[in-house]
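Q: Handing over coords14.cif, mmCIF, C-alpha atoms and all ligand atoms.
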```cif
data_model
#
loop_
_atom_site.group_PDB
_atom_site.id
_atom_site.type_symbol
_atom_site.label_atom_id
_atom_site.label_comp_id
_atom_site.auth_asym_id
_atom_site.auth_seq_id
_atom_site.Cartn_x
_atom_site.Cartn_y
_atom_site.Cartn_z
ATOM 1 C CA MET A 244 0.000 0.000 0.000
ATOM 2 C CA ASN A 245 1.211 3.544 -0.723
ATOM 3 C CA ASN A 246 1.861 5.705 2.297
ATOM 4 C CA ILE A 247 -0.956 7.606 3.997
ATOM 5 C CA VAL A 248 -0.040 11.094 5.157
ATOM 6 C CA LEU A 249 -2.144 12.539 7.979
ATOM 7 C CA ILE A 250 -2.237 16.324 8.246
ATOM 8 C CA GLY A 251 -4.297 18.804 10.238
ATOM 9 C CA PHE A 252 -4.303 21.102 13.218
ATOM 10 C CA MET A 253 -2.709 20.205 16.543
ATOM 11 C CA GLY A 254 -4.986 17.964 18.592
ATOM 12 C CA VAL A 255 -7.139 16.619 15.733
ATOM 13 C CA GLY A 256 -5.919 13.117 16.574
ATOM 14 C CA LYS A 257 -3.312 12.451 13.856
ATOM 15 C CA SER A 258 -1.107 10.354 16.163
ATOM 16 C CA THR A 259 -4.017 8.334 17.565
ATOM 17 C CA ILE A 260 -5.363 7.615 14.091
ATOM 18 C CA ALA A 261 -1.901 6.635 12.836
ATOM 19 C CA GLU A 262 -1.561 4.142 15.701
ATOM 20 C CA ASN A 263 -5.040 2.720 15.083
ATOM 21 C CA MET A 264 -4.493 2.485 11.319
ATOM 22 C CA SER A 265 -1.266 0.625 11.941
ATOM 23 C CA THR A 266 -2.965 -2.052 14.049
ATOM 24 C CA MET A 267 -6.163 -2.298 11.984
ATOM 25 C CA PHE A 268 -4.507 -2.437 8.574
ATOM 26 C CA ALA A 269 -1.013 -3.756 9.349
ATOM 27 C CA MET A 270 0.765 -0.537 8.390
ATOM 28 C CA LYS A 271 3.749 1.046 10.096
ATOM 29 C CA ALA A 272 3.016 4.269 11.998
ATOM 30 C CA VAL A 273 5.568 7.084 11.789
ATOM 31 C CA GLU A 274 5.179 9.979 14.199
ATOM 32 C CA MET A 275 7.202 12.770 12.598
ATOM 33 C CA ASP A 276 7.554 14.896 15.741
ATOM 34 C CA GLN A 277 8.826 11.890 17.647
ATOM 35 C CA VAL A 278 11.369 10.917 14.978
ATOM 36 C CA ILE A 279 12.647 14.513 14.780
ATOM 37 C CA ALA A 280 12.876 14.906 18.565
ATOM 38 C CA GLY A 281 14.681 11.553 18.824
ATOM 39 C CA ARG A 282 17.229 12.457 16.170
ATOM 40 C CA GLU A 283 17.895 15.898 17.590
ATOM 41 C CA GLY A 284 18.006 14.545 21.128
ATOM 42 C CA MET A 285 15.694 17.403 22.172
ATOM 43 C CA SER A 286 11.979 17.968 22.742
ATOM 44 C CA ILE A 287 10.022 19.968 20.122
ATOM 45 C CA PRO A 288 9.779 23.051 22.407
ATOM 46 C CA ASP A 289 13.561 22.854 22.980
ATOM 47 C CA ILE A 290 14.245 22.630 19.217
ATOM 48 C CA PHE A 291 12.063 25.734 18.661
ATOM 49 C CA ALA A 292 13.810 27.564 21.519
ATOM 50 C CA ALA A 293 17.349 26.601 20.508
ATOM 51 C CA HIS A 294 17.159 26.810 16.689
ATOM 52 C CA GLY A 295 13.868 28.524 15.783
ATOM 53 C CA GLU A 296 10.820 27.454 13.802
ATOM 54 C CA GLU A 297 12.470 27.566 10.344
ATOM 55 C CA TYR A 298 15.102 25.052 11.408
ATOM 56 C CA PHE A 299 12.382 22.712 12.639
ATOM 57 C CA ARG A 300 10.430 23.141 9.381
ATOM 58 C CA GLY A 301 13.573 22.180 7.447
ATOM 59 C CA LEU A 302 13.840 18.959 9.437
ATOM 60 C CA GLU A 303 10.222 18.164 8.553
ATOM 61 C CA THR A 304 10.999 18.597 4.849
ATOM 62 C CA GLU A 305 14.066 16.339 5.047
ATOM 63 C CA LEU A 306 12.100 13.624 6.810
ATOM 64 C CA LEU A 307 9.240 13.715 4.286
ATOM 65 C CA ILE A 308 11.759 13.294 1.460
ATOM 66 C CA GLU A 309 13.374 10.368 3.250
ATOM 67 C CA LEU A 310 10.061 8.572 3.906
ATOM 68 C CA LYS A 311 9.216 8.456 0.186
ATOM 69 C CA SER A 312 11.574 5.491 -0.160
ATOM 70 C CA GLN A 313 9.359 3.356 2.104
ATOM 71 C CA LYS A 314 5.904 1.877 1.556
ATOM 72 C CA ASN A 315 2.975 0.894 3.790
ATOM 73 C CA LEU A 316 3.536 3.766 6.212
ATOM 74 C CA VAL A 317 0.933 5.871 7.937
ATOM 75 C CA ILE A 318 2.712 9.133 8.596
ATOM 76 C CA SER A 319 1.471 11.476 11.286
ATOM 77 C CA CYS A 320 2.772 14.952 10.387
ATOM 78 C CA GLY A 321 3.243 17.835 12.793
ATOM 79 C CA GLY A 322 0.409 20.349 12.497
ATOM 80 C CA GLY A 323 2.529 22.876 10.591
ATOM 81 C CA ALA A 324 4.082 20.525 8.035
ATOM 82 C CA ALA A 325 1.427 21.093 5.356
ATOM 83 C CA LEU A 326 1.919 24.874 5.434
ATOM 84 C CA ARG A 327 5.078 24.694 3.307
ATOM 85 C CA GLU A 328 4.504 24.170 -0.387
ATOM 86 C CA GLN A 329 7.553 21.957 -0.780
ATOM 87 C CA ASN A 330 6.332 19.676 1.991
ATOM 88 C CA VAL A 331 2.974 19.246 0.301
ATOM 89 C CA ALA A 332 4.744 18.194 -2.911
ATOM 90 C CA GLU A 333 6.755 15.628 -0.930
ATOM 91 C CA MET A 334 3.591 14.403 0.826
ATOM 92 C CA LYS A 335 1.853 13.836 -2.527
ATOM 93 C CA GLU A 336 4.803 11.759 -3.667
ATOM 94 C CA ASN A 337 4.445 9.656 -0.515
ATOM 95 C CA GLY A 338 0.789 8.780 -1.157
ATOM 96 C CA LYS A 339 -2.629 10.124 -0.276
ATOM 97 C CA VAL A 340 -2.839 13.198 1.936
ATOM 98 C CA VAL A 341 -5.617 12.991 4.510
ATOM 99 C CA LEU A 342 -6.768 16.083 6.387
ATOM 100 C CA LEU A 343 -8.305 15.414 9.798
ATOM 101 C CA THR A 344 -10.441 18.215 11.205
ATOM 102 C CA ALA A 345 -12.098 18.963 14.548
ATOM 103 C CA SER A 346 -13.886 21.924 16.063
ATOM 104 C CA PRO A 347 -11.868 24.448 18.142
ATOM 105 C CA GLU A 348 -13.817 23.356 21.238
ATOM 106 C CA VAL A 349 -12.823 19.701 20.813
ATOM 107 C CA ILE A 350 -9.210 20.692 20.090
ATOM 108 C CA TYR A 351 -9.059 22.896 23.161
ATOM 109 C CA GLU A 352 -10.167 20.006 25.370
ATOM 110 C CA ARG A 353 -7.404 17.827 23.911
ATOM 111 C CA VAL A 354 -4.530 20.319 24.154
ATOM 112 C CA LYS A 355 -5.373 22.322 27.272
ATOM 113 C CA ASP A 356 -3.275 20.281 29.712
ATOM 114 C CA SER A 357 -0.066 19.973 27.688
ATOM 115 C CA ASP A 358 2.762 22.451 27.194
ATOM 116 C CA ASP A 359 4.563 20.697 24.380
ATOM 117 C CA ARG A 360 3.219 22.870 21.542
ATOM 118 C CA PRO A 361 5.207 26.114 21.239
ATOM 119 C CA VAL A 362 2.910 27.429 18.484
ATOM 120 C CA LEU A 363 -0.008 27.557 20.947
ATOM 121 C CA LYS A 364 1.898 29.588 23.496
ATOM 122 C CA GLY A 365 -0.190 32.642 24.413
ATOM 123 C CA ARG A 366 -3.258 31.449 22.489
ATOM 124 C CA LYS A 367 -4.247 28.233 24.189
ATOM 125 C CA ASN A 368 -7.920 29.119 24.330
ATOM 126 C CA ILE A 369 -10.874 28.522 21.995
ATOM 127 C CA ARG A 370 -10.577 31.921 20.355
ATOM 128 C CA GLY A 371 -6.816 31.668 19.783
ATOM 129 C CA ILE A 372 -7.169 28.160 18.401
ATOM 130 C CA SER A 373 -9.996 29.097 16.088
ATOM 131 C CA GLU A 374 -8.084 32.138 14.743
ATOM 132 C CA LEU A 375 -4.976 30.092 13.967
ATOM 133 C CA MET A 376 -7.128 27.383 12.434
ATOM 134 C CA GLU A 377 -8.756 29.941 10.123
ATOM 135 C CA GLN A 378 -5.335 31.242 9.065
ATOM 136 C CA ARG A 379 -4.265 27.727 8.150
ATOM 137 C CA ARG A 380 -7.503 26.385 6.702
ATOM 138 C CA GLU A 381 -6.878 27.265 3.055
ATOM 139 C CA LYS A 382 -3.458 25.608 2.962
ATOM 140 C CA TYR A 383 -4.672 22.493 4.757
ATOM 141 C CA GLU A 384 -7.617 22.108 2.393
ATOM 142 C CA ALA A 385 -5.501 22.714 -0.707
ATOM 143 C CA ALA A 386 -3.084 19.976 0.362
ATOM 144 C CA ALA A 387 -5.737 17.346 1.089
ATOM 145 C CA ASP A 388 -6.906 14.483 -1.134
ATOM 146 C CA ILE A 389 -9.421 13.424 1.523
ATOM 147 C CA VAL A 390 -10.972 15.403 4.409
ATOM 148 C CA ILE A 391 -12.414 13.650 7.463
ATOM 149 C CA ASN A 392 -14.100 15.402 10.353
ATOM 150 C CA THR A 393 -13.307 13.634 13.629
ATOM 151 C CA ASP A 394 -15.717 15.365 16.030
ATOM 152 C CA HIS A 395 -17.595 12.858 18.202
ATOM 153 C CA LYS A 396 -16.264 9.810 16.338
ATOM 154 C CA THR A 397 -14.171 6.999 17.820
ATOM 155 C CA ALA A 398 -10.736 6.168 16.419
ATOM 156 C CA PRO A 399 -11.894 2.846 14.884
ATOM 157 C CA GLU A 400 -14.829 4.650 13.222
ATOM 158 C CA ILE A 401 -12.483 7.222 11.732
ATOM 159 C CA CYS A 402 -10.096 4.512 10.506
ATOM 160 C CA LYS A 403 -12.923 2.586 8.825
ATOM 161 C CA GLU A 404 -14.182 5.769 7.172
ATOM 162 C CA LEU A 405 -10.678 6.576 5.975
ATOM 163 C CA PHE A 406 -10.103 3.093 4.595
ATOM 164 C CA GLN A 407 -13.430 3.200 2.760
ATOM 165 C CA ARG A 408 -12.636 6.593 1.235
ATOM 166 C CA LEU A 409 -9.236 5.332 0.085
ATOM 167 C CA MET A 410 -10.858 2.298 -1.540
ATOM 168 C CA GLU A 411 -13.397 4.515 -3.310
ATOM 169 C CA MET A 412 -10.526 6.543 -4.759
ATOM 170 C CA GLU A 413 -8.897 3.393 -6.099
ATOM 171 C CA GLU A 414 -12.045 2.378 -8.012
HETATM 172 C C1 LIG B 1 3.046 22.352 15.195
HETATM 173 C C2 LIG B 1 2.427 21.162 15.576
HETATM 174 C C3 LIG B 1 3.091 20.155 16.441
HETATM 175 C C4 LIG B 1 4.615 20.233 16.292
HETATM 176 C C5 LIG B 1 5.083 21.636 16.493
HETATM 177 C C6 LIG B 1 4.459 22.634 15.535
HETATM 178 C C7 LIG B 1 2.270 23.330 14.380
HETATM 179 O O1 LIG B 1 2.640 18.849 16.088
HETATM 180 O O2 LIG B 1 5.035 19.773 15.041
HETATM 181 O O3 LIG B 1 4.790 21.965 17.824
HETATM 182 O O4 LIG B 1 2.856 24.308 13.870
HETATM 183 O O5 LIG B 1 1.031 23.126 14.214
HETATM 184 P P1 LIG B 1 1.181 18.242 16.471
HETATM 185 O O6 LIG B 1 0.223 18.652 15.409
HETATM 186 O O7 LIG B 1 1.434 16.768 16.453
HETATM 187 O O8 LIG B 1 0.826 18.750 17.817
#
```
So that I can check it, write out the structure of this file as structure tokens.

A:
Amino acid sequence: MNNIVLIGFMGVGKSTIAENMSTMFAMKAVEMDQVIAGREGMSIPDIFAAHGEEYFRGLETELLIELKSQKNLVISCGGGAALREQNVAEMKENGKVVLLTASPEVIYERVKDSDDRPVLKGRKNIRGISELMEQRREKYEAAADIVINTDHKTAPEICKELFQRLMEMEE
């Protein structure tokens, strides 16, 4: 199977869906943030603090290029990866790009207790989240081959829906 690339705002559930897809459909899950943090030997907030956002974005691009040589992956991208045009081109060469969406209220509930997302610093509230989401919406939608709303759905339900949509595209 070609790779599946999950994109979307922080807290939409990309990592959870990647894990579930990997068990349900025998794919290998790749969590980009985790791979990058492991290689740099630093947490994502520390990479942002030490080297800045552009440096981090460059690492995302390099990793997407590298992953093209593998198959049967479900790649969970960091929430900002699809904002760079070059990354979107690399994602398309990996396989199908799947945008997961959720309402700002649902996202807030999922991110409110963690401090590992430097981009949300100073705007970790429903209004701040919804403003940033609006700024990013156009780029996310332009990158996506498939869009799936995740509000009030379980992970297995989302995975089944995603698999079905992928099959429909193959027909
Ligand atoms: C970011 C999202 C994060 C992480 C970094 C930047 C963003 O990933 O890559 O903090 O700009 O949206 P998650 O979407 O997995 O939280």

Q: Can you list, as a count of residues only, every protein, DNA or RNA residue that comes within 7 Å of segment 354-366 of chain A when you count only C-alpha atoms, leaving out same-chain residues fewer than 6 positions away?

A: 4

Q: Produce a table with one row for each residue of chain A that has an atom at most 9 Å from any atom of ligand LIG 1 (chain B), each row naming the nearest atom pair and its distance in Å at one decimal; use all atoms listed in the file; arrange rows by chain and rising residue number; format as JSON lines.

A:
```
{"residue": "A:Ile250", "atom": "CA", "partner": "B:LIG1", "partner_atom": "O6", "distance": 7.9}
{"residue": "A:Gly251", "atom": "CA", "partner": "B:LIG1", "partner_atom": "O6", "distance": 6.9}
{"residue": "A:Phe252", "atom": "CA", "partner": "B:LIG1", "partner_atom": "O6", "distance": 5.6}
{"residue": "A:Met253", "atom": "CA", "partner": "B:LIG1", "partner_atom": "O6", "distance": 3.5}
{"residue": "A:Gly254", "atom": "CA", "partner": "B:LIG1", "partner_atom": "O8", "distance": 5.9}
{"residue": "A:Val255", "atom": "CA", "partner": "B:LIG1", "partner_atom": "O6", "distance": 7.6}
{"residue": "A:Gly256", "atom": "CA", "partner": "B:LIG1", "partner_atom": "O7", "distance": 8.2}
{"residue": "A:Lys257", "atom": "CA", "partner": "B:LIG1", "partner_atom": "O7", "distance": 6.9}
{"residue": "A:Ser258", "atom": "CA", "partner": "B:LIG1", "partner_atom": "O7", "distance": 6.9}
{"residue": "A:Glu274", "atom": "CA", "partner": "B:LIG1", "partner_atom": "O7", "distance": 8.1}
{"residue": "A:Met275", "atom": "CA", "partner": "B:LIG1", "partner_atom": "O2", "distance": 7.7}
{"residue": "A:Asp276", "atom": "CA", "partner": "B:LIG1", "partner_atom": "O2", "distance": 5.5}
{"residue": "A:Gln277", "atom": "CA", "partner": "B:LIG1", "partner_atom": "O7", "distance": 8.9}
{"residue": "A:Ile287", "atom": "CA", "partner": "B:LIG1", "partner_atom": "O3", "distance": 6.1}
{"residue": "A:Pro288", "atom": "CA", "partner": "B:LIG1", "partner_atom": "O3", "distance": 6.9}
{"residue": "A:Phe291", "atom": "CA", "partner": "B:LIG1", "partner_atom": "O3", "distance": 8.2}
{"residue": "A:Glu296", "atom": "CA", "partner": "B:LIG1", "partner_atom": "C6", "distance": 8.2}
{"residue": "A:Phe299", "atom": "CA", "partner": "B:LIG1", "partner_atom": "O2", "distance": 8.3}
{"residue": "A:Arg300", "atom": "CA", "partner": "B:LIG1", "partner_atom": "O2", "distance": 8.5}
{"residue": "A:Glu303", "atom": "CA", "partner": "B:LIG1", "partner_atom": "O2", "distance": 8.5}
{"residue": "A:Ser319", "atom": "CA", "partner": "B:LIG1", "partner_atom": "O7", "distance": 7.4}
{"residue": "A:Cys320", "atom": "CA", "partner": "B:LIG1", "partner_atom": "O7", "distance": 6.5}
{"residue": "A:Gly321", "atom": "CA", "partner": "B:LIG1", "partner_atom": "O2", "distance": 3.5}
{"residue": "A:Gly322", "atom": "CA", "partner": "B:LIG1", "partner_atom": "O5", "distance": 3.3}
{"residue": "A:Gly323", "atom": "CA", "partner": "B:LIG1", "partner_atom": "O4", "distance": 3.6}
{"residue": "A:Ala324", "atom": "CA", "partner": "B:LIG1", "partner_atom": "O4", "distance": 7.1}
{"residue": "A:Leu326", "atom": "CA", "partner": "B:LIG1", "partner_atom": "O4", "distance": 8.5}
{"residue": "A:Val354", "atom": "CA", "partner": "B:LIG1", "partner_atom": "O8", "distance": 8.4}
{"residue": "A:Asp359", "atom": "CA", "partner": "B:LIG1", "partner_atom": "O3", "distance": 6.7}
{"residue": "A:Arg360", "atom": "CA", "partner": "B:LIG1", "partner_atom": "O3", "distance": 4.1}
{"residue": "A:Pro361", "atom": "CA", "partner": "B:LIG1", "partner_atom": "O3", "distance": 5.4}
{"residue": "A:Val362", "atom": "CA", "partner": "B:LIG1", "partner_atom": "O4", "distance": 5.6}
{"residue": "A:Leu363", "atom": "CA", "partner": "B:LIG1", "partner_atom": "O3", "distance": 8.0}
```

Q: With 3 Å added on each side, what axis-aligned box encloses every listed atom of segment 295-313 of chain A? Give the centre and edge lengths in Å to one decimal, as AutoDock Vina command-line options.

A:
```
--center_x 12.2 --center_y 15.9 --center_z 7.8 --size_x 11.9 --size_y 31.2 --size_z 21.9
```

Q: Please determine, counting all atoms listed in the file, which residue among A:Glu333, A:Glu283, A:Glu328, A:Asp289 has the shortest atom-to-atom distance to Leu302 of chain A.

A: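 With all atoms listed in the file as the atom set, the closest residue is A:Glu283.
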
Q: Of the candidates A:Asp394, A:Glu297, A:Glu404, A:Glu411, which shows the shortest atom-to-atom distance to Val349 of chain A, using all atoms listed in the file?

A: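 Looking at the shortest contact to Val349 of chain A, the residue is A:Asp394.
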
Q: So that I can see what lies close to Ile318 of chain A, please list as a PyMOL selection string the residues with an atom at most 6 Å from it, counting all atoms listed in the file and leaving out residues fewer than 2 positions away in the same chain.

A: chain A and resi 248-249+272-273+316

Q: Just how far from atom CA of Val341 of chain A is atom CA of Thr266 of chain A, in Å to one decimal?

A: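 These two atoms are separated by 18.0 Å.
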
Q: By how many Å are atom CA of Val317 of chain A and atom CA of Ile247 of chain A apart?

A: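 Going from atom CA of Val317 of chain A over to atom CA of Ile247 of chain A covers 4.7 Å.
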
Q: Could you work out how far atom CA of Cys402 of chain A lies from atom CA of Glu262 of chain A, giving the answer in Å with one decimal?

A: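 Between these atoms lies a distance of 10.0 Å.
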
Q: Given the file above and the PyMOL selection byres (((chain A and resi 329) around 12) and not hetatm), which residues are selected, and can you give them as a ChimeraX atom specification?

A: /A:300-301,303-305,307-308,324-328,330-336,386

Q: Using all atoms listed in the file, which protein or nucleic acid residues come within 8 Å of Leu342 of chain A? Drop anything in the same chain fewer than 5 positions from it, and give the result as an mmCIF file with C-alpha atoms, in the coordinates of the input.

A:
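The resulting selection14.cif:
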```
data_model
loop_
_atom_site.group_PDB
_atom_site.id
_atom_site.type_symbol
_atom_site.label_atom_id
_atom_site.label_comp_id
_atom_site.auth_asym_id
_atom_site.auth_seq_id
_atom_site.Cartn_x
_atom_site.Cartn_y
_atom_site.Cartn_z
ATOM 1 C CA LEU A 249 -2.144 12.539 7.979
ATOM 2 C CA ILE A 250 -2.237 16.324 8.246
ATOM 3 C CA GLY A 251 -4.297 18.804 10.238
ATOM 4 C CA TYR A 383 -4.672 22.493 4.757
ATOM 5 C CA GLU A 384 -7.617 22.108 2.393
ATOM 6 C CA ALA A 387 -5.737 17.346 1.089
ATOM 7 C CA ASP A 388 -6.906 14.483 -1.134
ATOM 8 C CA ILE A 389 -9.421 13.424 1.523
ATOM 9 C CA VAL A 390 -10.972 15.403 4.409
ATOM 10 C CA ILE A 391 -12.414 13.650 7.463
#
```

Q: Considering all atoms listed in the file, state which residue in the set A:Thr344, A:Lys339, A:Ser373, A:Ser286 is at the smallest distance from Met410 of chain A.

A: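 Result for the nearest residue to Met410 of chain A: A:Lys339.
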
Q: Under the rule that all atoms listed in the file are counted, which of A:Ile369, A:Met376, A:Ile260, A:Met270 is the nearest residue to Lys396 of chain A?

A: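 Residue with the minimum atom-to-atom distance to Lys396 of chain A: A:Ile260.
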
Q: Of the candidates A:Val340, A:Val278, A:Asn246, A:Glu348, which shows the shortest atom-to-atom distance to Ser265 of chain A, using only C-alpha atoms?

A: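 Comparing A:Val340, A:Val278, A:Asn246, A:Glu348 against Ser265 of chain A, the winner is A:Asn246.
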
Q: Between A:Gly284, A:Leu343, A:Lys311, A:Ile401, single out the one closest to Arg380 of chain A, counting all atoms listed in the file.

A: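 Nearest to Arg380 of chain A: A:Leu343.
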